[in-house]
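K.L.:
Pasting protein37.pdb here (PDB, C-alpha atoms, pLDDT in the B column):
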```
ATOM      1  CA  MET H 167      42.231 -21.140  66.080  1.00 46.00           C
ATOM      2  CA  ALA H 168      43.961 -23.946  64.187  1.00 47.00           C
ATOM      3  CA  LYS H 169      42.378 -27.353  64.466  1.00 45.00           C
ATOM      4  CA  LYS H 170      44.804 -30.141  65.369  1.00 44.00           C
ATOM      5  CA  LEU H 171      44.667 -33.253  63.202  1.00 42.00           C
ATOM      6  CA  LYS H 172      44.184 -36.553  64.982  1.00 43.00           C
ATOM      7  CA  THR H 173      46.872 -39.041  64.021  1.00 42.00           C
ATOM      8  CA  LYS H 174      45.746 -42.607  63.549  1.00 45.00           C
ATOM      9  CA  ALA H 175      47.743 -45.666  64.530  1.00 45.00           C
ATOM     10  CA  SER H 176      48.371 -46.289  60.817  1.00 47.00           C
ATOM     11  CA  GLY H 177      50.217 -42.976  60.682  1.00 51.00           C
ATOM     12  CA  GLY H 178      47.612 -41.152  58.569  1.00 53.00           C
ATOM     13  CA  ALA H 179      45.948 -37.902  59.595  1.00 57.00           C
ATOM     14  CA  ASP H 180      42.211 -38.131  60.289  1.00 56.00           C
ATOM     15  CA  VAL H 181      39.946 -35.133  59.684  1.00 54.00           C
ATOM     16  CA  GLY H 182      36.233 -35.559  60.346  1.00 59.00           C
ATOM     17  CA  GLY H 183      36.388 -39.318  59.801  1.00 60.00           C
ATOM     18  CA  VAL H 184      38.392 -38.958  56.564  1.00 64.00           C
ATOM     19  CA  ASP H 185      41.831 -40.581  56.425  1.00 69.00           C
ATOM     20  CA  LEU H 186      43.982 -38.041  54.549  1.00 75.00           C
ATOM     21  CA  THR H 187      46.499 -40.743  53.657  1.00 82.00           C
ATOM     22  CA  GLU H 188      43.676 -42.624  51.940  1.00 77.00           C
ATOM     23  CA  VAL H 189      42.660 -39.449  50.051  1.00 74.00           C
ATOM     24  CA  GLU H 190      46.268 -38.995  48.909  1.00 80.00           C
ATOM     25  CA  ARG H 191      46.283 -42.597  47.671  1.00 81.00           C
ATOM     26  CA  LEU H 192      43.052 -41.925  45.754  1.00 75.00           C
ATOM     27  CA  LEU H 193      44.565 -38.803  44.179  1.00 78.00           C
ATOM     28  CA  ALA H 194      47.627 -40.815  43.116  1.00 81.00           C
ATOM     29  CA  PHE H 195      45.287 -43.457  41.645  1.00 79.00           C
ATOM     30  CA  MET H 196      43.453 -40.760  39.652  1.00 77.00           C
ATOM     31  CA  GLU H 197      46.739 -39.387  38.313  1.00 78.00           C
ATOM     32  CA  LYS H 198      48.079 -42.847  37.422  1.00 80.00           C
ATOM     33  CA  HIS H 199      44.943 -43.750  35.449  1.00 74.00           C
ATOM     34  CA  GLY H 200      44.324 -40.308  33.922  1.00 76.00           C
ATOM     35  CA  LEU H 201      40.956 -39.834  35.624  1.00 77.00           C
ATOM     36  CA  GLU H 202      39.353 -36.375  35.665  1.00 77.00           C
ATOM     37  CA  GLU H 203      36.786 -37.259  38.323  1.00 76.00           C
ATOM     38  CA  PHE H 204      36.492 -39.984  40.956  1.00 72.00           C
ATOM     39  CA  GLU H 205      33.783 -40.848  43.473  1.00 74.00           C
ATOM     40  CA  TYR H 206      34.432 -43.073  46.496  1.00 67.00           C
ATOM     41  CA  ALA H 207      32.238 -44.318  49.337  1.00 70.00           C
ATOM     42  CA  ARG H 208      33.336 -46.395  52.293  1.00 67.00           C
ATOM     43  CA  GLY H 209      31.389 -46.800  55.489  1.00 66.00           C
ATOM     44  CA  GLY H 210      29.768 -43.457  56.274  1.00 65.00           C
ATOM     45  CA  VAL H 211      32.323 -41.501  54.209  1.00 67.00           C
ATOM     46  CA  HIS H 212      31.530 -40.333  50.680  1.00 68.00           C
ATOM     47  CA  ILE H 213      34.270 -38.519  48.718  1.00 73.00           C
ATOM     48  CA  ARG H 214      34.036 -36.956  45.268  1.00 73.00           C
ATOM     49  CA  LEU H 215      37.306 -35.762  43.756  1.00 74.00           C
ATOM     50  CA  LYS H 216      37.414 -33.671  40.599  1.00 71.00           C
ATOM     51  CA  LYS H 217      40.385 -32.047  38.901  1.00 69.00           C
ATOM     52  CA  PRO H 218      40.078 -28.275  38.411  1.00 64.00           C
ATOM     53  CA  GLY H 219      38.859 -27.398  34.940  1.00 57.00           C
ATOM     54  CA  ALA H 220      37.513 -30.901  34.306  1.00 49.00           C
ATOM     55  CA  PRO H 221      34.437 -30.758  32.057  1.00 51.00           C
ATOM     56  CA  THR H 222      31.162 -31.155  33.893  1.00 49.00           C
ATOM     57  CA  MET H 223      28.731 -33.848  32.905  1.00 50.00           C
ATOM     58  CA  ALA H 224      25.482 -35.210  34.159  1.00 49.00           C
ATOM     59  CA  LEU H 225      26.057 -37.461  37.143  1.00 50.00           C
ATOM     60  CA  PRO H 226      24.323 -40.797  37.409  1.00 50.00           C
ATOM     61  CA  ARG H 227      21.621 -41.282  39.972  1.00 51.00           C
ATOM     62  CA  ALA H 228      21.086 -44.895  40.948  1.00 49.00           C
ATOM     63  CA  ILE H 229      17.459 -45.904  40.988  1.00 49.00           C
ATOM     64  CA  VAL H 230      16.150 -49.200  42.227  1.00 46.00           C
ATOM     65  CA  THR H 231      12.600 -50.124  41.440  1.00 45.00           C
ATOM     66  CA  ALA H 232      10.684 -53.205  42.501  1.00 43.00           C
ATOM     67  CA  GLU H 233      11.177 -54.481  38.958  1.00 44.00           C
ATOM     68  CA  SER H 234      14.951 -53.913  38.882  1.00 41.00           C
ATOM     69  CA  ALA H 235      15.450 -55.250  42.412  1.00 41.00           C
ATOM     70  CA  HIS H 236      14.294 -58.704  41.312  1.00 41.00           C
ATOM     71  CA  ALA H 237      15.416 -58.809  37.693  1.00 43.00           C
ATOM     72  CA  ALA H 238      16.915 -56.447  35.177  1.00 43.00           C
ATOM     73  CA  PRO H 239      14.128 -55.037  32.961  1.00 42.00           C
ATOM     74  CA  HIS H 240      16.373 -55.131  29.900  1.00 44.00           C
ATOM     75  CA  ALA H 241      18.279 -58.024  28.415  1.00 44.00           C
ATOM     76  CA  ALA H 242      21.947 -57.885  29.355  1.00 44.00           C
ATOM     77  CA  ALA H 243      24.632 -57.565  26.697  1.00 43.00           C
ATOM     78  CA  PRO H 244      26.274 -60.853  25.686  1.00 46.00           C
ATOM     79  CA  ALA H 245      29.155 -61.725  28.010  1.00 47.00           C
ATOM     80  CA  GLY H 246      32.609 -61.543  26.494  1.00 47.00           C
ATOM     81  CA  HIS H 247      31.401 -59.423  23.584  1.00 46.00           C
ATOM     82  CA  ALA H 248      34.116 -56.797  23.270  1.00 47.00           C
ATOM     83  CA  ARG H 249      34.018 -53.987  20.769  1.00 48.00           C
ATOM     84  CA  ALA H 250      36.311 -51.095  20.114  1.00 45.00           C
ATOM     85  CA  PRO H 251      34.304 -47.907  20.647  1.00 47.00           C
ATOM     86  CA  GLU H 252      34.417 -45.657  17.629  1.00 52.00           C
ATOM     87  CA  ALA H 253      34.634 -41.943  18.268  1.00 50.00           C
ATOM     88  CA  PRO H 254      31.603 -40.416  16.532  1.00 53.00           C
ATOM     89  CA  ALA H 255      31.997 -37.200  14.559  1.00 56.00           C
ATOM     90  CA  VAL H 256      30.877 -34.342  16.782  1.00 57.00           C
ATOM     91  CA  ALA H 257      29.867 -30.932  15.439  1.00 62.00           C
ATOM     92  CA  ALA H 258      31.824 -28.088  17.045  1.00 69.00           C
ATOM     93  CA  ASP H 259      28.682 -26.219  18.164  1.00 82.00           C
ATOM     94  CA  LEU H 260      27.265 -29.186  20.108  1.00 90.00           C
ATOM     95  CA  HIS H 261      27.519 -29.795  23.843  1.00 93.00           C
ATOM     96  CA  VAL H 262      28.339 -33.486  24.285  1.00 94.00           C
ATOM     97  CA  ILE H 263      26.950 -35.525  27.169  1.00 95.00           C
ATOM     98  CA  LYS H 264      29.425 -38.348  27.830  1.00 95.00           C
ATOM     99  CA  SER H 265      28.932 -41.569  29.731  1.00 95.00           C
ATOM    100  CA  PRO H 266      30.035 -41.104  33.347  1.00 95.00           C
ATOM    101  CA  ILE H 267      30.245 -44.893  33.845  1.00 94.00           C
ATOM    102  CA  VAL H 268      30.743 -48.174  32.013  1.00 95.00           C
ATOM    103  CA  GLY H 269      27.513 -50.073  31.443  1.00 95.00           C
ATOM    104  CA  THR H 270      24.653 -50.845  29.076  1.00 96.00           C
ATOM    105  CA  PHE H 271      22.840 -47.918  27.425  1.00 97.00           C
ATOM    106  CA  TYR H 272      19.045 -47.884  27.435  1.00 96.00           C
ATOM    107  CA  ALA H 273      17.108 -45.164  25.633  1.00 95.00           C
ATOM    108  CA  SER H 274      13.829 -45.930  27.440  1.00 95.00           C
ATOM    109  CA  PRO H 275      12.730 -46.814  30.980  1.00 93.00           C
ATOM    110  CA  SER H 276      11.506 -50.259  29.873  1.00 92.00           C
ATOM    111  CA  PRO H 277      11.652 -52.335  26.671  1.00 91.00           C
ATOM    112  CA  ASP H 278       8.072 -51.478  25.645  1.00 93.00           C
ATOM    113  CA  ALA H 279       8.241 -47.746  26.529  1.00 94.00           C
ATOM    114  CA  SER H 280       9.097 -44.933  24.139  1.00 94.00           C
ATOM    115  CA  PRO H 281      12.589 -43.375  24.397  1.00 95.00           C
ATOM    116  CA  PHE H 282      13.242 -40.625  26.942  1.00 96.00           C
ATOM    117  CA  VAL H 283      14.418 -38.360  24.079  1.00 95.00           C
ATOM    118  CA  THR H 284      14.944 -38.517  20.318  1.00 94.00           C
ATOM    119  CA  ALA H 285      16.807 -36.333  17.841  1.00 92.00           C
ATOM    120  CA  GLY H 286      14.970 -33.011  17.602  1.00 93.00           C
ATOM    121  CA  SER H 287      13.654 -33.139  21.182  1.00 93.00           C
ATOM    122  CA  LYS H 288      13.866 -30.051  23.358  1.00 96.00           C
ATOM    123  CA  VAL H 289      15.637 -30.904  26.623  1.00 95.00           C
ATOM    124  CA  GLU H 290      15.892 -29.079  29.933  1.00 95.00           C
ATOM    125  CA  ALA H 291      18.735 -29.137  32.429  1.00 93.00           C
ATOM    126  CA  GLY H 292      18.097 -32.019  34.831  1.00 94.00           C
ATOM    127  CA  GLN H 293      15.918 -33.943  32.365  1.00 95.00           C
ATOM    128  CA  VAL H 294      16.575 -37.696  32.174  1.00 95.00           C
ATOM    129  CA  LEU H 295      18.070 -38.609  28.789  1.00 96.00           C
ATOM    130  CA  CYS H 296      18.754 -42.327  29.230  1.00 96.00           C
ATOM    131  CA  ILE H 297      19.578 -45.099  31.679  1.00 96.00           C
ATOM    132  CA  ILE H 298      22.910 -46.845  31.972  1.00 96.00           C
ATOM    133  CA  GLU H 299      22.770 -50.192  33.720  1.00 95.00           C
ATOM    134  CA  ALA H 300      25.871 -51.027  35.715  1.00 92.00           C
ATOM    135  CA  MET H 301      26.049 -53.973  38.114  1.00 90.00           C
ATOM    136  CA  LYS H 302      22.244 -54.395  38.070  1.00 88.00           C
ATOM    137  CA  LEU H 303      21.710 -50.743  39.079  1.00 91.00           C
ATOM    138  CA  MET H 304      19.792 -48.449  36.759  1.00 93.00           C
ATOM    139  CA  ASN H 305      21.574 -45.064  36.609  1.00 94.00           C
ATOM    140  CA  GLU H 306      19.583 -42.160  35.199  1.00 94.00           C
ATOM    141  CA  ILE H 307      21.742 -39.868  33.072  1.00 94.00           C
ATOM    142  CA  GLU H 308      20.481 -36.290  33.086  1.00 95.00           C
ATOM    143  CA  SER H 309      21.165 -33.336  30.818  1.00 94.00           C
ATOM    144  CA  ASP H 310      23.344 -30.655  32.341  1.00 93.00           C
ATOM    145  CA  ILE H 311      22.116 -27.979  29.900  1.00 94.00           C
ATOM    146  CA  ALA H 312      18.925 -26.926  28.130  1.00 95.00           C
ATOM    147  CA  GLY H 313      18.721 -27.057  24.357  1.00 95.00           C
ATOM    148  CA  GLU H 314      17.822 -29.191  21.348  1.00 95.00           C
ATOM    149  CA  LEU H 315      18.961 -32.811  21.156  1.00 94.00           C
ATOM    150  CA  VAL H 316      20.649 -33.044  17.769  1.00 94.00           C
ATOM    151  CA  GLN H 317      22.333 -36.438  17.904  1.00 93.00           C
ATOM    152  CA  VAL H 318      22.087 -39.709  19.850  1.00 94.00           C
ATOM    153  CA  TYR H 319      25.454 -41.450  19.536  1.00 95.00           C
ATOM    154  CA  ALA H 320      24.834 -44.589  21.628  1.00 95.00           C
ATOM    155  CA  GLU H 321      22.772 -47.556  20.468  1.00 95.00           C
ATOM    156  CA  ASN H 322      19.967 -48.948  22.628  1.00 95.00           C
ATOM    157  CA  GLY H 323      20.928 -52.104  24.516  1.00 95.00           C
ATOM    158  CA  LYS H 324      24.627 -51.810  23.633  1.00 96.00           C
ATOM    159  CA  PRO H 325      27.549 -51.371  26.038  1.00 96.00           C
ATOM    160  CA  VAL H 326      29.079 -47.919  26.536  1.00 95.00           C
ATOM    161  CA  GLU H 327      32.475 -47.011  27.945  1.00 95.00           C
ATOM    162  CA  TYR H 328      33.415 -44.283  30.418  1.00 94.00           C
ATOM    163  CA  GLY H 329      33.729 -40.971  28.550  1.00 93.00           C
ATOM    164  CA  GLU H 330      31.992 -42.253  25.408  1.00 95.00           C
ATOM    165  CA  PRO H 331      29.742 -39.623  23.785  1.00 95.00           C
ATOM    166  CA  LEU H 332      26.038 -40.357  24.326  1.00 96.00           C
ATOM    167  CA  PHE H 333      24.223 -37.220  23.130  1.00 96.00           C
ATOM    168  CA  GLY H 334      24.961 -34.042  21.182  1.00 95.00           C
ATOM    169  CA  ILE H 335      22.891 -31.068  22.356  1.00 95.00           C
ATOM    170  CA  ARG H 336      22.727 -27.638  20.728  1.00 94.00           C
ATOM    171  CA  PRO H 337      22.455 -25.262  23.702  1.00 93.00           C
ATOM    172  CA  SER H 338      19.431 -22.948  23.780  1.00 86.00           C
ATOM    173  CA  GLY H 339      20.022 -19.718  21.889  1.00 71.00           C
ATOM    174  CA  LYS H 340      22.494 -21.202  19.354  1.00 62.00           C
ATOM    175  CA  LYS H 341      21.572 -21.984  15.752  1.00 57.00           C
TER     176      LYS H 341
END
```
Using the file provided, produce a representation of the structure as structure tokens.

P.N.:
Amino acid sequence: MAKKLKTKASGGADVGGVDLTEVERLLAFMEKHGLEEFEYARGGVHIRLKKPGAPTMALPRAIVTAESAHAAPHAAAPAGHARAPEAPAVAADLHVIKSPIVGTFYASPSPDASPFVTAGSKVEAGQVLCIIEAMKLMNEIESDIAGELVQVYAENGKPVEYGEPLFGIRPSGKK
């Protein structure tokens, strides 16, 4: 039996608390700005939109520790310091993990700790590779494949842009 859509006073259809007019506006926003993936949360509604065939990447997971709740454990990048990101040379056989957000790249969980991974490290799917700080939230970036970390493209403590290559991983079984 077909489910009837509730129509809101604003004229938009409402399905399960989701305003379809708002979703259409988000899709138009994605198209206008050339976004492959978009995540949106408002009230109790959480929407994740992804174009078909868009490459998958590790999603950030916000972590808040007692240390980060009071002060950022790493020094912030200088304000107003803009740089043009250079596209690093990427070998064709490498799987590239790209930054899913804009923020500051940290290779270790704290300034005095050793890096999560280094070139030559074996990594597993779901393993934390780095942290990207965005708006005082520490976002763990995880590997989406298992293999050997061949290249670290980002520099510790430096800003990274959305879509900027962070790591080059040779998938398990490839030489």

K.L.:
Can you spell out as a PyMOL selection string the set of residues that the PyMOL selection byres ((chain H and resi 296) around 12) selects in the structure I just provided?

P.N.:
chain H and resi 224-227+263-265+269-276+280-284+292-295+297-299+304-309+318-323+332-333

K.L.:
How many Å separate CA of Tyr328 in chain H from CA of Leu192 in chain H?

P.N.:
18.3 Å

K.L.:
Restricting the calculation to only C-alpha atoms: of H:Gly200, H:Ile213, H:Lys288, H:Arg336, which residue gets closest to Leu186 in chain H?

P.N.:
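When distances to Leu186 in chain H are compared using only C-alpha atoms, the smallest one comes from H:Ile213.
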